[in-house]
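This is work_39.cif (mmCIF, N, CA and C atoms and all ligand atoms).
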data_run
#
loop_
_atom_site.label_atom_id
_atom_site.label_comp_id
_atom_site.auth_asym_id
_atom_site.auth_seq_id
_atom_site.Cartn_x
_atom_site.Cartn_y
_atom_site.Cartn_z
N MET N 561 25.02 -29.03 7.49
CA MET N 561 24.78 -27.97 6.51
C MET N 561 25.74 -28.14 5.34
N GLU N 562 25.18 -28.14 4.16
CA GLU N 562 26.02 -28.28 2.99
C GLU N 562 26.90 -27.06 2.82
N GLU N 563 28.01 -27.27 2.12
CA GLU N 563 28.94 -26.14 1.93
C GLU N 563 28.31 -25.04 1.08
N ARG N 564 27.50 -25.43 0.09
CA ARG N 564 26.86 -24.43 -0.76
C ARG N 564 25.84 -23.61 0.03
N GLU N 565 25.09 -24.30 0.91
CA GLU N 565 24.12 -23.61 1.75
C GLU N 565 24.82 -22.67 2.72
N GLN N 566 25.95 -23.15 3.27
CA GLN N 566 26.72 -22.31 4.19
C GLN N 566 27.28 -21.08 3.46
N GLN N 567 27.71 -21.26 2.22
CA GLN N 567 28.20 -20.12 1.44
C GLN N 567 27.09 -19.12 1.19
N GLY N 568 25.86 -19.62 0.96
CA GLY N 568 24.72 -18.73 0.80
C GLY N 568 24.44 -17.93 2.06
N PHE N 569 24.53 -18.60 3.22
CA PHE N 569 24.37 -17.89 4.51
C PHE N 569 25.42 -16.81 4.64
N GLN N 570 26.67 -17.17 4.34
CA GLN N 570 27.76 -16.20 4.46
C GLN N 570 27.54 -15.00 3.56
N ASP N 571 27.13 -15.26 2.33
CA ASP N 571 26.91 -14.16 1.38
C ASP N 571 25.79 -13.24 1.87
N GLN N 572 24.69 -13.84 2.32
CA GLN N 572 23.56 -13.02 2.79
C GLN N 572 23.93 -12.24 4.05
N LEU N 573 24.63 -12.88 4.97
CA LEU N 573 25.04 -12.16 6.19
C LEU N 573 26.03 -11.06 5.85
N ALA N 574 26.93 -11.31 4.91
CA ALA N 574 27.88 -10.27 4.50
C ALA N 574 27.14 -9.09 3.88
N ARG N 575 26.11 -9.37 3.08
CA ARG N 575 25.32 -8.30 2.47
C ARG N 575 24.60 -7.48 3.54
N ILE N 576 24.03 -8.16 4.53
CA ILE N 576 23.33 -7.45 5.61
C ILE N 576 24.33 -6.60 6.40
N ASN N 577 25.50 -7.16 6.71
CA ASN N 577 26.50 -6.40 7.46
C ASN N 577 27.01 -5.21 6.66
N THR N 578 27.13 -5.36 5.35
CA THR N 578 27.53 -4.22 4.51
C THR N 578 26.47 -3.13 4.56
N ARG N 579 25.20 -3.52 4.48
CA ARG N 579 24.13 -2.53 4.57
C ARG N 579 24.17 -1.80 5.91
N ARG N 580 24.41 -2.56 7.00
CA ARG N 580 24.49 -1.93 8.32
C ARG N 580 25.66 -0.95 8.39
N ARG N 581 26.80 -1.36 7.84
CA ARG N 581 27.99 -0.51 7.86
C ARG N 581 27.75 0.79 7.06
N VAL N 582 27.16 0.65 5.89
CA VAL N 582 26.87 1.83 5.05
C VAL N 582 25.90 2.76 5.78
N ALA N 583 24.89 2.20 6.45
CA ALA N 583 23.93 3.02 7.18
C ALA N 583 24.63 3.81 8.29
N TRP N 584 25.57 3.18 8.99
CA TRP N 584 26.31 3.91 10.04
C TRP N 584 27.18 5.01 9.44
N TRP N 585 27.83 4.72 8.33
CA TRP N 585 28.66 5.74 7.67
C TRP N 585 27.82 6.91 7.20
N VAL N 586 26.67 6.62 6.63
CA VAL N 586 25.78 7.70 6.19
C VAL N 586 25.29 8.49 7.39
N PHE N 587 24.93 7.79 8.47
CA PHE N 587 24.40 8.47 9.66
C PHE N 587 25.43 9.45 10.23
N PHE N 588 26.66 8.99 10.42
CA PHE N 588 27.67 9.85 11.03
C PHE N 588 28.40 10.73 10.01
N GLY N 589 28.26 10.42 8.73
CA GLY N 589 28.95 11.19 7.71
C GLY N 589 28.41 12.59 7.51
N ILE N 590 27.20 12.85 7.98
CA ILE N 590 26.60 14.17 7.79
C ILE N 590 27.38 15.23 8.58
N PHE N 591 27.92 14.88 9.72
CA PHE N 591 28.55 15.89 10.57
C PHE N 591 29.82 16.47 9.93
N PRO N 592 30.78 15.67 9.50
CA PRO N 592 31.93 16.27 8.83
C PRO N 592 31.56 16.94 7.51
N LEU N 593 30.53 16.40 6.82
CA LEU N 593 30.09 17.03 5.58
C LEU N 593 29.55 18.43 5.84
N LEU N 594 28.74 18.58 6.89
CA LEU N 594 28.19 19.90 7.21
C LEU N 594 29.30 20.87 7.62
N LEU N 595 30.25 20.38 8.41
CA LEU N 595 31.37 21.24 8.80
C LEU N 595 32.17 21.69 7.59
N ALA N 596 32.43 20.75 6.67
CA ALA N 596 33.20 21.10 5.48
C ALA N 596 32.43 22.07 4.59
N LEU N 597 31.14 21.82 4.40
CA LEU N 597 30.33 22.73 3.57
C LEU N 597 30.28 24.13 4.17
N ASN N 598 30.14 24.19 5.48
CA ASN N 598 30.08 25.49 6.15
C ASN N 598 31.42 26.22 6.01
N ALA N 599 32.51 25.48 6.13
CA ALA N 599 33.83 26.11 6.02
C ALA N 599 34.10 26.56 4.59
N ILE N 600 33.66 25.79 3.61
CA ILE N 600 33.94 26.11 2.21
C ILE N 600 33.05 27.24 1.71
N THR N 601 31.73 27.11 1.97
CA THR N 601 30.81 28.08 1.39
C THR N 601 30.52 29.27 2.30
N GLY N 602 30.50 29.04 3.61
CA GLY N 602 30.15 30.11 4.54
C GLY N 602 28.69 30.49 4.49
N SER N 603 27.90 29.71 3.79
CA SER N 603 26.47 29.97 3.66
C SER N 603 25.68 28.81 4.25
N GLN N 604 24.45 29.08 4.64
CA GLN N 604 23.62 28.01 5.22
C GLN N 604 22.78 27.29 4.16
N GLU N 605 22.63 27.87 3.00
CA GLU N 605 21.78 27.26 1.98
C GLU N 605 22.26 25.87 1.56
N PRO N 606 23.56 25.68 1.28
CA PRO N 606 24.00 24.32 0.93
C PRO N 606 23.81 23.32 2.06
N LEU N 607 23.84 23.81 3.30
CA LEU N 607 23.64 22.90 4.43
C LEU N 607 22.22 22.35 4.44
N VAL N 608 21.26 23.19 4.09
CA VAL N 608 19.87 22.75 4.06
C VAL N 608 19.69 21.66 3.00
N TYR N 609 20.27 21.88 1.81
CA TYR N 609 20.17 20.87 0.75
C TYR N 609 20.89 19.58 1.16
N ALA N 610 22.03 19.73 1.82
CA ALA N 610 22.78 18.54 2.26
C ALA N 610 21.97 17.75 3.29
N ILE N 611 21.29 18.45 4.19
CA ILE N 611 20.49 17.75 5.21
C ILE N 611 19.29 17.05 4.56
N ILE N 612 18.68 17.69 3.58
CA ILE N 612 17.54 17.05 2.90
C ILE N 612 18.00 15.78 2.17
N ILE N 613 19.13 15.87 1.47
CA ILE N 613 19.66 14.70 0.77
C ILE N 613 20.04 13.62 1.77
N TRP N 614 20.63 14.04 2.90
CA TRP N 614 21.02 13.08 3.94
C TRP N 614 19.78 12.37 4.50
N LEU N 615 18.70 13.11 4.73
CA LEU N 615 17.48 12.49 5.27
C LEU N 615 16.95 11.41 4.32
N VAL N 616 16.94 11.72 3.03
CA VAL N 616 16.44 10.75 2.05
C VAL N 616 17.38 9.54 1.99
N LEU N 617 18.67 9.81 1.94
CA LEU N 617 19.66 8.72 1.85
C LEU N 617 19.63 7.83 3.09
N TYR N 618 19.57 8.46 4.26
CA TYR N 618 19.56 7.65 5.48
C TYR N 618 18.25 6.87 5.62
N SER N 619 17.15 7.44 5.16
CA SER N 619 15.88 6.71 5.18
C SER N 619 15.96 5.45 4.32
N LEU N 620 16.58 5.60 3.14
CA LEU N 620 16.73 4.43 2.26
C LEU N 620 17.63 3.38 2.90
N CYS N 621 18.75 3.84 3.48
CA CYS N 621 19.66 2.90 4.13
C CYS N 621 18.98 2.21 5.31
N GLY N 622 18.23 2.99 6.10
CA GLY N 622 17.52 2.41 7.24
C GLY N 622 16.49 1.39 6.80
N ALA N 623 15.79 1.68 5.71
CA ALA N 623 14.79 0.74 5.21
C ALA N 623 15.46 -0.54 4.72
N LEU N 624 16.60 -0.40 4.05
CA LEU N 624 17.31 -1.60 3.57
C LEU N 624 17.77 -2.47 4.74
N VAL N 625 18.25 -1.84 5.80
CA VAL N 625 18.69 -2.60 6.98
C VAL N 625 17.48 -3.21 7.68
N THR N 626 16.46 -2.42 7.87
CA THR N 626 15.29 -2.88 8.62
C THR N 626 14.62 -4.07 7.94
N PHE N 627 14.53 -4.02 6.63
CA PHE N 627 13.81 -5.07 5.92
C PHE N 627 14.73 -6.11 5.29
N SER N 628 15.89 -6.31 5.90
CA SER N 628 16.75 -7.42 5.49
C SER N 628 16.18 -8.71 6.04
N ARG N 629 16.21 -9.75 5.21
CA ARG N 629 15.64 -11.03 5.64
C ARG N 629 16.74 -11.96 6.15
N CYS N 630 16.39 -12.68 7.18
CA CYS N 630 17.32 -13.64 7.79
C CYS N 630 17.52 -14.81 6.82
N PRO N 631 18.76 -15.25 6.61
CA PRO N 631 18.99 -16.38 5.71
C PRO N 631 18.48 -17.70 6.28
N ARG N 632 18.31 -17.80 7.59
CA ARG N 632 17.86 -19.07 8.18
C ARG N 632 16.34 -19.15 8.27
N CYS N 633 15.68 -18.14 8.85
CA CYS N 633 14.22 -18.23 9.05
C CYS N 633 13.43 -17.42 8.02
N HIS N 634 14.13 -16.62 7.20
CA HIS N 634 13.53 -15.84 6.12
C HIS N 634 12.54 -14.79 6.60
N LYS N 635 12.64 -14.41 7.87
CA LYS N 635 11.82 -13.30 8.38
C LYS N 635 12.71 -12.07 8.46
N PHE N 636 12.08 -10.90 8.68
CA PHE N 636 12.87 -9.68 8.81
C PHE N 636 13.72 -9.76 10.08
N ILE N 637 15.01 -9.55 9.94
CA ILE N 637 15.93 -9.72 11.07
C ILE N 637 15.65 -8.73 12.18
N HIS N 638 15.37 -7.50 11.83
CA HIS N 638 15.28 -6.44 12.84
C HIS N 638 13.85 -6.06 13.20
N VAL N 639 12.87 -6.77 12.69
CA VAL N 639 11.48 -6.43 12.96
C VAL N 639 10.87 -7.53 13.81
N GLY N 640 10.21 -7.11 14.91
CA GLY N 640 9.63 -8.07 15.84
C GLY N 640 8.24 -8.50 15.45
N LEU N 641 7.53 -9.01 16.43
CA LEU N 641 6.19 -9.53 16.18
C LEU N 641 5.22 -8.43 15.78
N LYS N 642 5.39 -7.26 16.37
CA LYS N 642 4.59 -6.10 15.99
C LYS N 642 5.54 -5.11 15.34
N PRO N 643 5.04 -4.24 14.47
CA PRO N 643 5.95 -3.32 13.78
C PRO N 643 6.76 -2.45 14.72
N GLN N 644 6.21 -2.08 15.87
CA GLN N 644 6.96 -1.21 16.77
C GLN N 644 7.97 -1.98 17.61
N LEU N 645 7.92 -3.30 17.58
CA LEU N 645 8.89 -4.10 18.33
C LEU N 645 10.00 -4.54 17.38
N GLY N 646 11.15 -4.06 17.61
CA GLY N 646 12.28 -4.43 16.79
C GLY N 646 13.48 -3.64 17.23
N ASN N 647 14.61 -4.05 16.77
CA ASN N 647 15.83 -3.36 17.18
C ASN N 647 16.78 -3.36 16.01
N ILE N 648 16.93 -2.19 15.40
CA ILE N 648 17.80 -2.08 14.23
C ILE N 648 19.26 -2.20 14.62
N LEU N 649 19.56 -2.01 15.90
CA LEU N 649 20.93 -2.11 16.37
C LEU N 649 21.30 -3.53 16.78
N GLY N 650 20.31 -4.42 16.82
CA GLY N 650 20.55 -5.78 17.27
C GLY N 650 21.52 -6.52 16.37
N ARG N 651 22.28 -7.41 16.99
CA ARG N 651 23.26 -8.19 16.24
C ARG N 651 22.81 -9.62 16.00
N ARG N 652 21.54 -9.89 16.35
CA ARG N 652 20.98 -11.23 16.14
C ARG N 652 19.61 -11.10 15.48
N CYS N 653 19.23 -12.17 14.80
CA CYS N 653 17.89 -12.20 14.23
C CYS N 653 16.88 -12.13 15.38
N PHE N 654 15.87 -11.31 15.21
CA PHE N 654 14.86 -11.13 16.24
C PHE N 654 14.06 -12.41 16.46
N HIS N 655 14.01 -13.29 15.48
CA HIS N 655 13.15 -14.47 15.53
C HIS N 655 13.91 -15.74 15.89
N CYS N 656 15.03 -16.00 15.20
CA CYS N 656 15.73 -17.28 15.42
C CYS N 656 17.07 -17.10 16.12
N GLN N 657 17.42 -15.86 16.48
CA GLN N 657 18.65 -15.55 17.22
C GLN N 657 19.93 -15.87 16.45
N LEU N 658 19.85 -15.97 15.13
CA LEU N 658 21.05 -16.16 14.33
C LEU N 658 21.92 -14.91 14.44
N SER N 659 23.17 -15.09 14.82
CA SER N 659 24.08 -13.96 14.94
C SER N 659 24.47 -13.46 13.55
N LEU N 660 24.51 -12.15 13.39
CA LEU N 660 24.92 -11.58 12.11
C LEU N 660 26.40 -11.81 11.84
N PHE N 661 27.13 -12.21 12.87
CA PHE N 661 28.57 -12.42 12.74
C PHE N 661 28.93 -13.89 12.96
N SER N 662 28.00 -14.80 12.65
CA SER N 662 28.23 -16.19 12.99
C SER N 662 29.12 -16.92 12.00
N PHE N 663 29.40 -16.33 10.85
CA PHE N 663 30.27 -17.05 9.90
C PHE N 663 31.56 -16.28 9.69
ZN ZN N 701 16.18 -15.63 11.70
#
Just give me the structure as structure tokens.
Ligand SMILES: [Zn+2]
Amino acid sequence: MEEREQQGFQDQLARINTRRRVAWWVFFGIFPLLLALNAITGSQEPLVYAIIIWLVLYSLCGALVTFSRCPRCHKFIHVGLKPQLGNILGRRCFHCQLSLFSF
């Protein structure tokens, strides 16, 4: 593997791992945000808006992670042969078994 090609793999895997990390932060970030909003405002209305924004944001993050393409086989890493077969938590490409942490 050429060094330039390997650098491309590293960059793409780093981008995918960043997307996964951001998705986890968004997923778990809602809980302290709701606690803080409830403590500050004492009202439920801001919580509803925060949950709606969180749903949209997490959906976008989930879509970005789900439809990330593998740098080796160029297929969707987390999507299997059928749309319902896939694992967004997987650490390897569903098709070629490339580890997301291989570089
Ligand atoms: Zn692959």
For chain N against ligand ZN 701 (chain N), with a cut-off of 7 Å and counting only C-alpha atoms and all ligand atoms, what is the closest atom pair and its distance in Å to one decimal for every residue that makes the cut, ordered by chain and number, as CSV?
residue,atom,partner,partner_atom,distance
N:Cys630,CA,N:ZN701,ZN,4.5
N:Pro631,CA,N:ZN701,ZN,6.7
N:Arg632,CA,N:ZN701,ZN,5.2
N:Cys633,CA,N:ZN701,ZN,4.2
N:His634,CA,N:ZN701,ZN,6.2
N:Lys635,CA,N:ZN701,ZN,6.0
N:Ile637,CA,N:ZN701,ZN,5.9
N:Cys653,CA,N:ZN701,ZN,4.6
N:Phe654,CA,N:ZN701,ZN,6.5
N:His655,CA,N:ZN701,ZN,5.0
N:Cys656,CA,N:ZN701,ZN,4.1
N:Gln657,CA,N:ZN701,ZN,6.0
N:Leu658,CA,N:ZN701,ZN,5.6
Shortest contact to Arg629 (chain N), candidates N:Leu649, N:Leu660, N:Leu597, N:Pro592, atoms counted only C-alpha atoms, goes to N:Leu660
Could you pull out the helix (DSSP H, G or I) residues of chain N from DSSP and send them as a PyMOL selection string? chain N and resi 563-601+605-626
Would you tabulate, counting all atoms listed in the file, all residues of region 606-643 of chain N that have an atom at most 8 Å from an atom of region 566-588 of chain N, showing the closest pair of atoms and their distance in Å to one decimal, sorted by chain then ascending number, as a Markdown table?
| residue | atom | partner | partner_atom | distance |
| --- | --- | --- | --- | --- |
| N:Trp614 | CA | N:Val586 | C | 7.2 |
| N:Leu617 | C | N:Val586 | CA | 6.9 |
| N:Tyr618 | CA | N:Val586 | C | 6.1 |
| N:Leu620 | C | N:Ala583 | CA | 7.6 |
| N:Cys621 | CA | N:Ala583 | CA | 5.2 |
| N:Gly622 | N | N:Ala583 | CA | 5.8 |
| N:Leu624 | C | N:Arg579 | CA | 6.4 |
| N:Val625 | CA | N:Arg579 | C | 5.6 |
| N:Thr626 | N | N:Arg579 | C | 8.0 |
| N:Ser628 | CA | N:Ile576 | CA | 6.6 |
| N:Arg629 | N | N:Ile576 | CA | 7.5 |
| N:Cys630 | C | N:Gln572 | C | 7.4 |
| N:Pro631 | CA | N:Phe569 | CA | 5.7 |
| N:Arg632 | N | N:Phe569 | CA | 6.8 |
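Coordinates place CA of Ile590 (chain N) at a distance of 16.3 Å from CA of Ser603 (chain N).
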Correct to one decimal, the distance CA of Leu607 (chain N)-CA of Leu595 (chain N) is 9.0 Å
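Take atom N of Val639 (chain N) and CA of Arg652 (chain N): the distance between them is 9.9 Å.
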Adding 4 Å on each side of the box along x, y and z that holds all listed atoms of region 601-610 of chain N, could you give its centre and edge lengths in Å to one decimal, as JSON?
{"center_x": 25.7, "center_y": 24.1, "center_z": 3.0, "size_x": 20.0, "size_y": 20.7, "size_z": 12.5}
task = Apply DSSP to the backbone of this structure and, from chain N, keep only the residues in strand (DSSP E or B); write these as a PyMOL selection string.
result = chain N and resi 629+636+639+646+652+659
